[in-house]
$ cat entry17.cif   # mmCIF, C-alpha atoms
data_run
#
loop_
_atom_site.label_atom_id
_atom_site.label_comp_id
_atom_site.auth_asym_id
_atom_site.auth_seq_id
_atom_site.Cartn_x
_atom_site.Cartn_y
_atom_site.Cartn_z
CA MET A 1 33.78 -6.18 -25.00
CA VAL A 2 32.75 -2.78 -23.65
CA GLU A 3 29.33 -3.18 -25.23
CA LYS A 4 28.84 -6.52 -23.49
CA ARG A 5 29.81 -5.15 -20.06
CA ILE A 6 27.53 -2.15 -20.42
CA PHE A 7 24.68 -4.36 -21.59
CA VAL A 8 24.92 -6.80 -18.70
CA LYS A 9 25.24 -4.01 -16.11
CA ALA A 10 22.22 -2.28 -17.61
CA ASN A 11 20.18 -5.41 -17.09
CA ILE A 12 21.37 -5.72 -13.50
CA ILE A 13 20.28 -2.11 -12.90
CA PHE A 14 16.95 -2.91 -14.52
CA LEU A 15 16.53 -5.87 -12.18
CA ALA A 16 17.28 -3.74 -9.13
CA ALA A 17 14.74 -1.14 -10.26
CA ILE A 18 11.83 -3.58 -10.06
CA LEU A 19 12.56 -4.56 -6.44
CA THR A 20 10.20 -3.13 -3.82
CA ILE A 21 10.17 -3.18 -0.02
CA GLY A 22 7.88 -5.54 1.89
CA SER A 23 7.71 -7.07 5.36
CA HIS A 24 9.02 -10.26 6.94
CA SER A 25 8.17 -12.72 9.67
CA ARG A 26 8.37 -16.43 10.59
CA ALA A 27 11.42 -18.58 11.19
CA ALA A 28 13.82 -19.70 8.49
CA GLY A 29 12.56 -22.65 6.45
CA GLU A 30 12.09 -23.91 2.92
CA LEU A 31 9.13 -23.34 0.65
CA ASN A 32 8.13 -24.47 -2.81
CA LEU A 33 5.71 -21.96 -4.28
CA THR A 34 3.73 -21.30 -7.41
CA VAL A 35 2.82 -17.71 -8.11
CA HIS A 36 -0.72 -18.31 -6.78
CA GLU A 37 0.62 -19.83 -3.58
CA ALA A 38 2.97 -16.87 -3.21
CA ILE A 39 0.00 -14.50 -3.51
CA ASP A 40 -1.96 -16.41 -0.85
CA LEU A 41 1.06 -16.38 1.46
CA ALA A 42 1.48 -12.62 1.05
CA LEU A 43 -2.20 -12.02 1.80
CA SER A 44 -1.74 -13.93 5.06
CA ASN A 45 1.60 -12.43 6.16
CA ASN A 46 2.27 -9.09 4.51
CA GLU A 47 2.22 -6.47 7.26
CA SER A 48 1.03 -3.60 5.05
CA TYR A 49 -1.98 -5.64 3.95
CA LEU A 50 -2.70 -6.74 7.51
CA LYS A 51 -2.71 -3.06 8.57
CA ALA A 52 -5.22 -2.32 5.81
CA ARG A 53 -7.46 -5.09 7.17
CA GLN A 54 -7.25 -3.53 10.63
CA GLU A 55 -8.21 -0.17 9.12
CA LEU A 56 -11.45 -1.78 7.94
CA GLU A 57 -12.14 -2.95 11.48
CA LYS A 58 -11.51 0.60 12.73
CA ALA A 59 -14.00 1.93 10.19
CA LYS A 60 -16.68 -0.49 11.37
CA ASN A 61 -16.16 0.56 14.98
CA LYS A 62 -16.37 4.21 13.91
CA ILE A 63 -19.99 3.56 12.98
CA TYR A 64 -20.76 2.45 16.53
CA GLU A 65 -18.90 5.46 17.93
CA VAL A 66 -20.86 7.99 15.88
CA ARG A 67 -24.18 6.20 16.39
CA ALA A 68 -23.69 6.39 20.15
CA SER A 69 -23.99 10.20 19.94
CA ALA A 70 -27.67 9.83 19.04
CA PHE A 71 -28.53 7.74 22.09
CA PRO A 72 -28.81 8.65 25.79
CA GLN A 73 -25.64 9.38 27.71
CA LEU A 74 -25.48 8.38 31.39
CA SER A 75 -22.90 9.98 33.68
CA ALA A 76 -22.18 9.85 37.41
CA ASP A 77 -20.45 12.73 39.18
CA LEU A 78 -19.04 13.30 42.65
CA ARG A 79 -17.93 16.73 43.92
CA ALA A 80 -16.32 17.38 47.32
CA ILE A 81 -15.59 20.98 48.43
CA ARG A 82 -13.83 22.23 51.61
CA ASN A 83 -14.59 25.90 52.21
CA TRP A 84 -11.81 27.53 54.26
CA GLU A 85 -13.61 30.86 54.63
CA LEU A 86 -17.34 31.24 54.22
CA PRO A 87 -18.98 34.40 52.88
CA SER A 88 -20.93 36.50 55.39
CA PHE A 89 -23.51 39.23 55.05
CA VAL A 90 -25.19 41.65 57.50
CA ILE A 91 -28.91 42.10 58.00
CA THR A 92 -30.78 44.34 60.45
CA MET A 93 -33.27 42.73 62.78
CA ASP A 94 -35.20 44.84 65.35
CA GLY A 95 -32.82 47.70 64.65
CA GLU A 96 -29.77 45.63 65.45
CA PRO A 97 -27.24 44.53 62.76
CA THR A 98 -26.72 40.78 62.63
CA THR A 99 -23.92 38.97 60.75
CA LEU A 100 -24.97 35.78 59.02
CA ARG A 101 -22.73 33.15 57.45
CA ALA A 102 -23.62 31.57 54.10
CA GLY A 103 -22.95 27.90 53.39
CA SER A 104 -21.06 25.20 55.27
CA TYR A 105 -17.42 24.28 55.53
CA TYR A 106 -18.01 20.89 53.89
CA ASP A 107 -20.06 20.48 50.72
CA TRP A 108 -20.54 17.08 49.06
CA THR A 109 -22.59 16.61 45.89
CA THR A 110 -23.16 13.42 43.90
CA SER A 111 -25.40 13.08 40.86
CA LEU A 112 -26.60 10.65 38.24
CA THR A 113 -27.50 12.43 34.97
CA ILE A 114 -29.09 11.24 31.72
CA THR A 115 -28.70 13.42 28.63
CA GLN A 116 -30.66 12.68 25.46
CA PRO A 117 -29.89 14.74 22.32
CA ILE A 118 -33.12 15.79 20.62
CA TYR A 119 -31.87 18.05 17.84
CA ASN A 120 -28.41 19.28 16.86
CA GLY A 121 -28.89 20.54 13.35
CA GLY A 122 -28.76 17.01 11.94
CA ALA A 123 -25.03 16.69 12.67
CA VAL A 124 -25.24 13.33 14.45
CA PHE A 125 -27.29 11.51 11.85
CA THR A 126 -25.27 13.05 9.05
CA ALA A 127 -22.08 11.86 10.76
CA TRP A 128 -23.63 8.43 11.20
CA SER A 129 -24.34 8.28 7.46
CA ALA A 130 -20.78 9.44 6.74
CA ALA A 131 -19.37 6.74 9.03
CA LYS A 132 -21.28 4.07 7.08
CA MET A 133 -19.82 5.47 3.88
CA TYR A 134 -16.35 5.40 5.42
CA SER A 135 -16.81 1.71 6.21
CA LYS A 136 -17.54 1.12 2.53
CA PHE A 137 -14.53 3.29 1.67
CA ALA A 138 -12.28 1.15 3.89
CA THR A 139 -13.66 -2.00 2.22
CA ALA A 140 -12.82 -0.63 -1.22
CA GLN A 141 -9.42 0.50 0.05
CA LEU A 142 -8.70 -3.01 1.33
CA GLU A 143 -9.62 -4.46 -2.07
CA ALA A 144 -7.36 -1.92 -3.82
CA ASN A 145 -4.49 -2.84 -1.47
CA LYS A 146 -5.16 -6.51 -2.12
CA ARG A 147 -4.89 -6.11 -5.89
CA GLN A 148 -1.80 -3.94 -5.58
CA LEU A 149 -0.17 -6.55 -3.33
CA LYS A 150 -0.99 -9.26 -5.86
CA LEU A 151 0.74 -7.23 -8.57
CA GLU A 152 3.78 -6.66 -6.34
CA VAL A 153 4.02 -10.40 -5.63
CA ILE A 154 3.81 -11.22 -9.34
CA ARG A 155 6.52 -8.68 -10.15
CA ALA A 156 8.75 -9.97 -7.35
CA PHE A 157 8.08 -13.61 -8.26
CA TYR A 158 9.01 -13.16 -11.90
CA GLY A 159 11.79 -10.82 -10.83
CA VAL A 160 13.41 -13.85 -9.20
CA VAL A 161 12.81 -15.86 -12.36
CA MET A 162 14.47 -13.13 -14.42
CA ALA A 163 17.37 -12.85 -11.98
CA ASP A 164 18.02 -16.59 -12.17
CA GLU A 165 17.91 -16.49 -15.96
CA LEU A 166 20.25 -13.50 -16.13
CA ALA A 167 22.65 -15.36 -13.84
CA ARG A 168 22.40 -18.35 -16.18
CA VAL A 169 23.20 -16.13 -19.17
CA ALA A 170 26.18 -14.65 -17.30
CA SER A 171 27.37 -18.15 -16.37
CA GLN A 172 26.98 -19.22 -20.00
CA SER A 173 29.12 -16.29 -21.10
CA VAL A 174 31.85 -17.36 -18.64
CA ASP A 175 31.65 -20.95 -19.92
CA LEU A 176 31.87 -19.79 -23.54
CA ALA A 177 34.82 -17.55 -22.71
CA GLN A 178 36.55 -20.44 -20.94
CA ALA A 179 35.86 -22.76 -23.88
CA GLY A 180 37.18 -20.12 -26.27
CA LEU A 181 40.33 -19.76 -24.17
CA ASP A 182 40.84 -23.53 -24.27
CA VAL A 183 40.56 -23.50 -28.06
CA VAL A 184 43.02 -20.61 -28.38
CA ASN A 185 45.50 -22.40 -26.08
CA LYS A 186 45.31 -25.52 -28.25
CA MET A 187 45.76 -23.47 -31.41
CA GLN A 188 48.73 -21.67 -29.87
CA ALA A 189 50.30 -25.02 -29.05
CA GLN A 190 49.92 -25.84 -32.74
CA GLY A 191 51.46 -22.50 -33.67
CA THR A 192 48.43 -21.22 -35.52
CA VAL A 193 47.63 -18.20 -33.29
CA SER A 194 49.69 -15.50 -31.63
CA ASP A 195 50.23 -14.72 -27.97
CA TYR A 196 48.07 -11.62 -28.44
CA GLU A 197 45.00 -13.75 -29.24
CA VAL A 198 45.63 -15.83 -26.12
CA LEU A 199 45.92 -12.67 -24.03
CA THR A 200 42.71 -11.30 -25.54
CA ALA A 201 40.85 -14.50 -24.69
CA GLU A 202 42.15 -14.40 -21.10
CA VAL A 203 41.08 -10.76 -20.65
CA ARG A 204 37.64 -11.58 -22.01
CA LEU A 205 37.23 -14.39 -19.47
CA ALA A 206 38.44 -12.15 -16.63
CA ASN A 207 35.93 -9.46 -17.61
CA TYR A 208 32.98 -11.88 -17.61
CA LYS A 209 33.57 -13.25 -14.11
CA PRO A 210 32.67 -10.04 -12.19
CA GLN A 211 29.48 -9.83 -14.25
CA LEU A 212 28.56 -13.31 -13.09
CA ILE A 213 29.20 -12.30 -9.48
CA GLU A 214 26.97 -9.22 -9.92
CA ALA A 215 24.21 -11.29 -11.52
CA ARG A 216 24.24 -13.80 -8.66
CA ALA A 217 24.18 -10.98 -6.09
CA ALA A 218 21.20 -9.46 -7.91
CA GLY A 219 19.52 -12.87 -7.74
CA ARG A 220 19.98 -13.03 -3.97
CA LEU A 221 18.57 -9.52 -3.64
CA ALA A 222 15.57 -10.49 -5.78
CA ARG A 223 14.86 -13.49 -3.53
CA GLU A 224 15.12 -11.40 -0.38
CA ASN A 225 12.75 -8.87 -1.92
CA LEU A 226 10.25 -11.63 -2.68
CA ASN A 227 10.54 -12.93 0.88
CA ASN A 228 9.92 -9.41 2.19
CA ILE A 229 6.71 -9.07 0.22
CA LEU A 230 5.58 -12.56 1.20
CA GLY A 231 6.09 -11.63 4.84
CA ILE A 232 8.54 -14.43 5.57
CA ASN A 233 12.10 -14.49 6.88
CA LEU A 234 14.70 -13.08 4.49
CA ASN A 235 16.77 -16.24 4.88
CA ASP A 236 13.96 -18.65 3.99
CA SER A 237 14.80 -20.83 1.01
CA VAL A 238 12.04 -20.43 -1.57
CA GLN A 239 11.90 -22.64 -4.64
CA LEU A 240 9.69 -21.33 -7.43
CA SER A 241 7.46 -23.48 -9.61
CA PHE A 242 6.67 -21.69 -12.86
CA SER A 243 6.27 -22.11 -16.58
CA MET A 244 7.73 -19.86 -19.26
CA ASP A 245 4.93 -20.75 -21.64
CA SER A 246 3.82 -17.48 -23.19
CA SER A 247 0.40 -18.96 -24.00
CA LEU A 248 -0.47 -18.56 -20.31
CA PHE A 249 -0.47 -14.80 -20.80
CA ILE A 250 -2.90 -14.26 -23.65
CA MET A 251 -5.47 -11.46 -23.57
CA PRO A 252 -8.21 -11.03 -26.20
CA ASP A 253 -8.29 -7.85 -28.24
CA LEU A 254 -9.77 -4.84 -26.48
CA ASN A 255 -12.37 -2.31 -27.44
CA PHE A 256 -10.86 0.66 -25.64
CA ASP A 257 -14.14 2.54 -25.17
CA SER A 258 -15.94 -0.38 -23.54
CA ALA A 259 -12.81 -1.43 -21.60
CA ARG A 260 -12.39 2.06 -20.14
CA THR A 261 -16.04 2.26 -19.15
CA ALA A 262 -15.93 -1.19 -17.57
CA SER A 263 -12.76 -0.38 -15.64
CA LEU A 264 -14.42 2.67 -14.06
CA ASP A 265 -17.18 0.40 -12.76
CA THR A 266 -14.86 -2.31 -11.40
CA ARG A 267 -11.81 -0.46 -10.08
CA PRO A 268 -11.95 -0.13 -6.26
CA GLU A 269 -9.96 3.11 -6.53
CA VAL A 270 -12.87 4.74 -8.36
CA GLU A 271 -15.33 3.57 -5.72
CA MET A 272 -13.00 4.92 -3.03
CA MET A 273 -12.85 8.34 -4.65
CA ARG A 274 -16.60 8.51 -5.18
CA LEU A 275 -17.21 7.57 -1.56
CA GLN A 276 -14.66 10.13 -0.43
CA THR A 277 -16.53 12.83 -2.37
CA ALA A 278 -19.82 11.74 -0.78
CA ILE A 279 -18.26 11.78 2.70
CA LEU A 280 -16.89 15.27 2.16
CA GLY A 281 -20.38 16.35 1.05
CA LYS A 282 -21.62 15.12 4.43
CA ALA A 283 -18.81 17.07 6.08
CA VAL A 284 -20.20 20.28 4.57
CA SER A 285 -23.58 19.51 6.14
CA ILE A 286 -21.97 18.78 9.50
CA ALA A 287 -20.07 22.07 9.39
CA ARG A 288 -23.28 23.97 8.55
CA ALA A 289 -25.05 22.34 11.51
CA ALA A 290 -23.05 24.65 13.79
CA TYR A 291 -25.30 27.51 12.59
CA LEU A 292 -28.39 25.77 14.00
CA PRO A 293 -29.60 25.46 17.59
CA SER A 294 -29.19 22.28 19.60
CA VAL A 295 -31.79 20.80 21.93
CA ASN A 296 -31.05 18.29 24.69
CA PHE A 297 -33.26 16.64 27.28
CA ILE A 298 -31.65 16.32 30.73
CA THR A 299 -32.78 14.53 33.84
CA SER A 300 -30.68 14.27 36.99
CA LEU A 301 -30.87 12.72 40.43
CA GLN A 302 -28.69 14.50 43.03
CA PHE A 303 -27.68 14.00 46.64
CA GLN A 304 -26.07 16.83 48.59
CA ALA A 305 -24.54 16.94 52.07
CA GLN A 306 -23.47 20.17 53.83
CA TYR A 307 -22.04 20.27 57.36
CA ASP A 308 -19.39 22.00 59.47
CA ASN A 309 -17.76 19.22 61.48
CA ASP A 310 -14.45 17.70 60.31
CA ARG A 311 -15.77 14.22 59.50
CA TRP A 312 -17.15 12.03 56.73
CA PRO A 313 -20.76 12.77 55.80
CA ALA A 314 -23.24 10.53 57.56
CA ARG A 315 -26.38 9.14 56.00
CA PRO A 316 -28.72 11.72 57.58
CA ASP A 317 -26.60 14.52 56.08
CA TRP A 318 -27.58 13.62 52.52
CA LEU A 319 -30.53 15.44 50.95
CA ARG A 320 -32.01 14.24 47.68
CA SER A 321 -33.18 16.32 44.72
CA TYR A 322 -34.45 15.37 41.28
CA TYR A 323 -35.12 17.41 38.17
CA SER A 324 -35.76 17.13 34.43
CA GLY A 325 -35.50 19.78 31.76
CA VAL A 326 -34.79 20.76 28.21
CA MET A 327 -31.72 22.76 27.30
CA ILE A 328 -31.75 24.81 24.13
CA SER A 329 -28.47 26.30 22.88
CA VAL A 330 -28.60 28.87 20.08
CA PRO A 331 -25.29 29.88 18.46
CA ILE A 332 -25.07 33.65 18.03
CA PHE A 333 -21.44 34.54 17.41
CA ASP A 334 -18.32 32.36 17.45
CA SER A 335 -15.78 34.80 15.95
CA TRP A 336 -16.42 33.48 12.41
CA ARG A 337 -15.23 29.97 13.31
CA THR A 338 -18.25 28.25 11.71
CA PRO A 339 -18.08 30.15 8.37
CA ALA A 340 -14.39 29.28 8.11
CA ARG A 341 -15.10 25.59 8.75
CA VAL A 342 -17.90 25.56 6.19
CA LYS A 343 -15.66 27.15 3.60
CA GLN A 344 -12.89 24.64 4.28
CA ALA A 345 -15.35 21.75 3.94
CA LYS A 346 -16.61 23.14 0.62
CA LEU A 347 -13.07 23.51 -0.70
CA GLU A 348 -12.21 19.94 0.30
CA LEU A 349 -15.36 18.74 -1.47
CA SER A 350 -14.41 20.69 -4.59
CA GLN A 351 -10.88 19.25 -4.51
CA SER A 352 -12.26 15.75 -4.15
CA LYS A 353 -14.48 16.20 -7.21
CA LEU A 354 -11.46 17.36 -9.21
CA SER A 355 -9.42 14.39 -7.93
CA GLU A 356 -12.25 12.04 -8.90
CA ALA A 357 -12.29 13.36 -12.45
CA GLU A 358 -8.48 13.20 -12.59
CA LEU A 359 -8.49 9.60 -11.37
CA GLU A 360 -11.00 8.55 -14.01
CA ASP A 361 -8.86 10.14 -16.73
CA ASN A 362 -5.74 8.44 -15.36
CA ILE A 363 -7.44 5.05 -15.30
CA LYS A 364 -8.55 5.43 -18.90
CA LEU A 365 -4.96 6.28 -19.84
CA GLU A 366 -3.63 3.42 -17.71
CA VAL A 367 -5.82 0.93 -19.57
CA GLU A 368 -4.45 2.04 -22.94
CA GLN A 369 -0.83 2.20 -21.76
CA SER A 370 -1.06 -1.22 -20.11
CA TRP A 371 -2.51 -2.68 -23.29
CA TRP A 372 0.28 -1.37 -25.49
CA ASN A 373 2.94 -2.40 -22.96
CA TYR A 374 1.48 -5.88 -23.01
CA GLN A 375 1.40 -5.95 -26.82
CA ARG A 376 5.00 -4.75 -27.01
CA ALA A 377 6.12 -7.48 -24.60
CA ARG A 378 4.36 -10.20 -26.63
CA GLU A 379 5.89 -9.05 -29.89
CA SER A 380 9.30 -8.63 -28.27
CA LEU A 381 9.21 -12.14 -26.81
CA THR A 382 8.36 -13.63 -30.20
CA THR A 383 11.14 -11.67 -31.88
CA GLN A 384 13.75 -12.45 -29.23
CA GLY A 385 12.91 -16.15 -29.33
CA GLN A 386 13.80 -16.16 -33.00
CA ALA A 387 16.88 -14.04 -32.33
CA VAL A 388 18.20 -16.56 -29.78
CA GLU A 389 17.95 -19.41 -32.25
CA MET A 390 19.72 -17.39 -34.94
CA ALA A 391 22.42 -16.28 -32.48
CA ARG A 392 23.08 -19.89 -31.47
CA ARG A 393 23.47 -20.94 -35.10
CA GLY A 394 25.70 -17.95 -35.73
CA LEU A 395 27.92 -18.87 -32.75
CA ALA A 396 28.22 -22.47 -33.94
CA ILE A 397 29.26 -21.29 -37.40
CA ALA A 398 31.74 -18.75 -36.03
CA ARG A 399 33.33 -21.36 -33.76
CA VAL A 400 33.80 -23.82 -36.61
CA ARG A 401 35.21 -21.11 -38.85
CA TYR A 402 37.65 -19.98 -36.16
CA GLU A 403 38.83 -23.49 -35.30
CA ASN A 404 39.44 -24.12 -38.99
CA GLY A 405 41.44 -20.95 -39.34
CA VAL A 406 38.90 -19.27 -41.64
CA GLY A 407 37.18 -16.94 -39.17
CA THR A 408 38.67 -14.39 -36.80
CA GLN A 409 38.68 -14.20 -33.06
CA LEU A 410 36.67 -10.96 -33.24
CA GLU A 411 34.00 -12.75 -35.24
CA LEU A 412 33.80 -15.44 -32.55
CA PHE A 413 33.60 -12.89 -29.74
CA GLU A 414 30.88 -10.90 -31.49
CA SER A 415 28.76 -14.01 -32.00
CA GLU A 416 29.06 -14.82 -28.28
CA VAL A 417 27.99 -11.26 -27.36
CA ALA A 418 25.07 -11.50 -29.80
CA LEU A 419 23.88 -14.73 -28.15
CA ALA A 420 24.13 -13.23 -24.63
CA MET A 421 22.24 -10.12 -25.72
CA ALA A 422 19.53 -12.14 -27.45
CA GLU A 423 19.02 -14.41 -24.43
CA THR A 424 19.01 -11.47 -22.04
CA ASN A 425 16.46 -9.64 -24.17
CA ARG A 426 14.28 -12.74 -24.25
CA VAL A 427 14.40 -13.02 -20.45
CA ARG A 428 13.43 -9.39 -20.08
CA ALA A 429 10.65 -9.79 -22.66
CA PHE A 430 9.21 -12.73 -20.72
CA TYR A 431 9.33 -10.73 -17.49
CA ASP A 432 7.62 -7.80 -19.25
CA LEU A 433 4.97 -10.14 -20.65
CA ALA A 434 4.14 -11.82 -17.33
CA THR A 435 4.05 -8.58 -15.33
CA GLY A 436 2.45 -6.60 -18.17
CA TYR A 437 -0.33 -9.19 -18.38
CA ALA A 438 -0.99 -8.82 -14.64
CA ALA A 439 -0.81 -5.01 -14.81
CA LEU A 440 -3.29 -4.97 -17.71
CA ARG A 441 -5.77 -7.15 -15.84
CA LYS A 442 -5.41 -4.89 -12.79
CA ALA A 443 -6.00 -1.81 -14.98
CA LEU A 444 -9.16 -3.43 -16.34
CA GLY A 445 -10.44 -4.00 -12.80
CA GLU A 446 -9.95 -7.76 -12.75
CA GLU A 447 -9.58 -9.37 -9.33
CA ASP A 448 -7.50 -12.33 -10.53
CA LEU A 449 -4.36 -10.91 -12.12
CA ILE A 450 -2.80 -14.09 -13.42
CA ARG A 451 -3.77 -17.61 -14.43
#
$ encode --input "entry17.cif" --output "structure tokens"
Amino acid sequence: MVEKRIFVKANIIFLAAILTIGSHSRAAGELNLTVHEAIDLALSNNESYLKARQELEKAKNKIYEVRASAFPQLSADLRAIRNWELPSFVITMDGEPTTLRAGSYYDWTTSLTITQPIYNGGAVFTAWSAAKMYSKFATAQLEANKRQLKLEVIRAFYGVVMADELARVASQSVDLAQAGLDVVNKMQAQGTVSDYEVLTAEVRLANYKPQLIEARAAGRLARENLNNILGINLNDSVQLSFSMDSSLFIMPDLNFDSARTASLDTRPEVEMMRLQTAILGKAVSIARAAYLPSVNFITSLQFQAQYDNDRWPARPDWLRSYYSGVMISVPIFDSWRTPARVKQAKLELSQSKLSEAELEDNIKLEVEQSWWNYQRARESLTTQGQAVEMARRGLAIARVRYENGVGTQLELFESEVALAMAETNRVRAFYDLATGYAALRKALGEEDLIR
């Protein structure tokens, strides 16, 4: 009895462990979904994925932002100054000192200026190249998020399937306990069993009912989790169309060396990391550009009005000027700011190279682990299918023996526990097979994770 309770609770904990958090939207309704339709719905509604798509749009606009730094910049300025006290100076004319005032009480200046960068150590064009790389990085990131979302949908989808099956097993245990209690009551009426056996059967039934309640609650949680990931309302009624045919999840044998190499060429995570390393290499060049001079061409058209009366400037007050020039700025000393930035950029580049190598090693390991997890699930499903059939035959034999007074009540109870355990293990094995198949295909860099 204790073993049965612990076993069922362990499976409920296992079910809760596979649930992940998603997003929700839309009004309550009813849907009938296959796993492929669930994936398509999540790609349309899941908020995390939609944010990743917006990140790609941001990356594309970053290219335009950086490119703009290489083209002319046009600015218009207006400056209005009211001088409350004007500076004065003394000069001597014909031996007599004369005080002269400099400037006017009102000074208006407006200008239209064009600035064209000519050279800035290559920083702008290097940043432009880096922005293009970042756009590719965001594209690879979106694809990685897409595949991860597909895997989450598959896990949640078959999590609901497993939850429903575990609830069915729990309901079956209650029905078997009730049927056993009915048999014991009949046998007691015939005087062939004691009150103790009736009490034991009643306790067994009472212990199974909370497990059924827990299993049904876990099923509701699994459905809400699926709705979250699909991006629909938690209260939407979703009916799942699926097949528990294990032949749908067959993978050919792998050559690990070729599979690992192929996965490094097809996994978007690897492309992301390689692009990140390249971008950080550009960042080193941008940081070094601060050592070099910058050259800008400037041309400006200005109008200036100076007068003393308290009024708005009139048209005759405005005087026009126009100039063009080249401005060269040479960095000499910036309190070691540039060397520090260069060193930081080099360290980030070095860290990225280490992370790239680490990722490649992890992917190679992931391919092998996913393969053996998949193989274990296939073998376990085959074994548990046979175990269920044997457990059912064993229960039928134990029931006949008990009703005929040959077997014991303990023998009957143990056969019922064995059937529940075998069916639960088969449900878990099917879940492991379906999700392990998808995880293996993701590890291999496949875009479609399930048939």
$ closest_atom_pairs --input "entry17.cif" --of "range 235-276 of chain A" --to "range 198-221 of chain A" --cutoff "12 Å" --atoms "all atoms listed in the file" --output "tab-separated table"
residue	atom	partner	partner_atom	distance
A:Asn235	CA	A:Arg220	CA	9.9
A:Asp236	CA	A:Arg220	CA	11.5
A:Ser237	CA	A:Arg220	CA	10.6
A:Val238	CA	A:Arg220	CA	11.1
$ atom_distance --input "entry17.cif" --atom1 "CA of Tyr307 in chain A" --atom2 "CA of Glu85 in chain A"
13.8 Å
$ resolve_selection --input "entry17.cif" --expression "the PyMOL selection byres ((chain A and resi 327) around 12)" --output "list in words"
Thr115, Gln116, Pro117, Ile118, Tyr119, Asn120, Pro293, Ser294, Val295, Asn296, Phe297, Ile298, Thr299, Ser324, Gly325, Val326, Ile328, Ser329 and Val330 of chain A
$ write_last_selection --input "entry17.cif" --atoms "C-alpha atoms" --output "compact mmCIF listing (two decimals), in the frame of the given file"
# COMPACT_ATOMS: atom_id res chain seq x y z
CA THR A 115 -28.70 13.42 28.63
CA GLN A 116 -30.66 12.68 25.46
CA PRO A 117 -29.89 14.74 22.32
CA ILE A 118 -33.12 15.79 20.62
CA TYR A 119 -31.87 18.05 17.84
CA ASN A 120 -28.41 19.28 16.86
CA PRO A 293 -29.60 25.46 17.59
CA SER A 294 -29.19 22.28 19.60
CA VAL A 295 -31.79 20.80 21.93
CA ASN A 296 -31.05 18.29 24.69
CA PHE A 297 -33.26 16.64 27.28
CA ILE A 298 -31.65 16.32 30.73
CA THR A 299 -32.78 14.53 33.84
CA SER A 324 -35.76 17.13 34.43
CA GLY A 325 -35.50 19.78 31.76
CA VAL A 326 -34.79 20.76 28.21
CA ILE A 328 -31.75 24.81 24.13
CA SER A 329 -28.47 26.30 22.88
CA VAL A 330 -28.60 28.87 20.08
$ closest_atom_pairs --input "entry17.cif" --of "range 198-287 of chain A" --to "range 429-439 of chain A" --cutoff "8 Å" --atoms "only C-alpha atoms" --output "Markdown table"
| residue | atom | partner | partner_atom | distance |
| --- | --- | --- | --- | --- |
| A:Met244 | CA | A:Phe430 | CA | 7.4 |
| A:Ser246 | CA | A:Phe430 | CA | 7.6 |
| A:Phe249 | CA | A:Tyr437 | CA | 6.1 |
| A:Ile250 | CA | A:Tyr437 | CA | 7.8 |
| A:Met251 | CA | A:Tyr437 | CA | 7.6 |
$ resolve_selection --input "entry17.cif" --expression "the PyMOL selection byres ((chain A and resi 37-49) around 12)" --output "CSV table (one decimal) with C-alpha atoms, in the frame of the given file"
chain,number,residue,atom,x,y,z
A,21,ILE,CA,10.2,-3.2,0.0
A,22,GLY,CA,7.9,-5.5,1.9
A,23,SER,CA,7.7,-7.1,5.4
A,24,HIS,CA,9.0,-10.3,6.9
A,25,SER,CA,8.2,-12.7,9.7
A,26,ARG,CA,8.4,-16.4,10.6
A,31,LEU,CA,9.1,-23.3,0.6
A,32,ASN,CA,8.1,-24.5,-2.8
A,33,LEU,CA,5.7,-22.0,-4.3
A,34,THR,CA,3.7,-21.3,-7.4
A,35,VAL,CA,2.8,-17.7,-8.1
A,36,HIS,CA,-0.7,-18.3,-6.8
A,50,LEU,CA,-2.7,-6.7,7.5
A,51,LYS,CA,-2.7,-3.1,8.6
A,52,ALA,CA,-5.2,-2.3,5.8
A,53,ARG,CA,-7.5,-5.1,7.2
A,54,GLN,CA,-7.2,-3.5,10.6
A,55,GLU,CA,-8.2,-0.2,9.1
A,56,LEU,CA,-11.4,-1.8,7.9
A,141,GLN,CA,-9.4,0.5,0.0
A,142,LEU,CA,-8.7,-3.0,1.3
A,143,GLU,CA,-9.6,-4.5,-2.1
A,144,ALA,CA,-7.4,-1.9,-3.8
A,145,ASN,CA,-4.5,-2.8,-1.5
A,146,LYS,CA,-5.2,-6.5,-2.1
A,147,ARG,CA,-4.9,-6.1,-5.9
A,148,GLN,CA,-1.8,-3.9,-5.6
A,149,LEU,CA,-0.2,-6.6,-3.3
A,150,LYS,CA,-1.0,-9.3,-5.9
A,151,LEU,CA,0.7,-7.2,-8.6
A,152,GLU,CA,3.8,-6.7,-6.3
A,153,VAL,CA,4.0,-10.4,-5.6
A,154,ILE,CA,3.8,-11.2,-9.3
A,155,ARG,CA,6.5,-8.7,-10.2
A,156,ALA,CA,8.8,-10.0,-7.4
A,157,PHE,CA,8.1,-13.6,-8.3
A,158,TYR,CA,9.0,-13.2,-11.9
A,226,LEU,CA,10.2,-11.6,-2.7
A,227,ASN,CA,10.5,-12.9,0.9
A,228,ASN,CA,9.9,-9.4,2.2
A,229,ILE,CA,6.7,-9.1,0.2
A,230,LEU,CA,5.6,-12.6,1.2
A,231,GLY,CA,6.1,-11.6,4.8
A,232,ILE,CA,8.5,-14.4,5.6
A,233,ASN,CA,12.1,-14.5,6.9
A,238,VAL,CA,12.0,-20.4,-1.6
A,239,GLN,CA,11.9,-22.6,-4.6
A,240,LEU,CA,9.7,-21.3,-7.4
A,241,SER,CA,7.5,-23.5,-9.6
A,242,PHE,CA,6.7,-21.7,-12.9
A,448,ASP,CA,-7.5,-12.3,-10.5
A,449,LEU,CA,-4.4,-10.9,-12.1
A,450,ILE,CA,-2.8,-14.1,-13.4
A,451,ARG,CA,-3.8,-17.6,-14.4
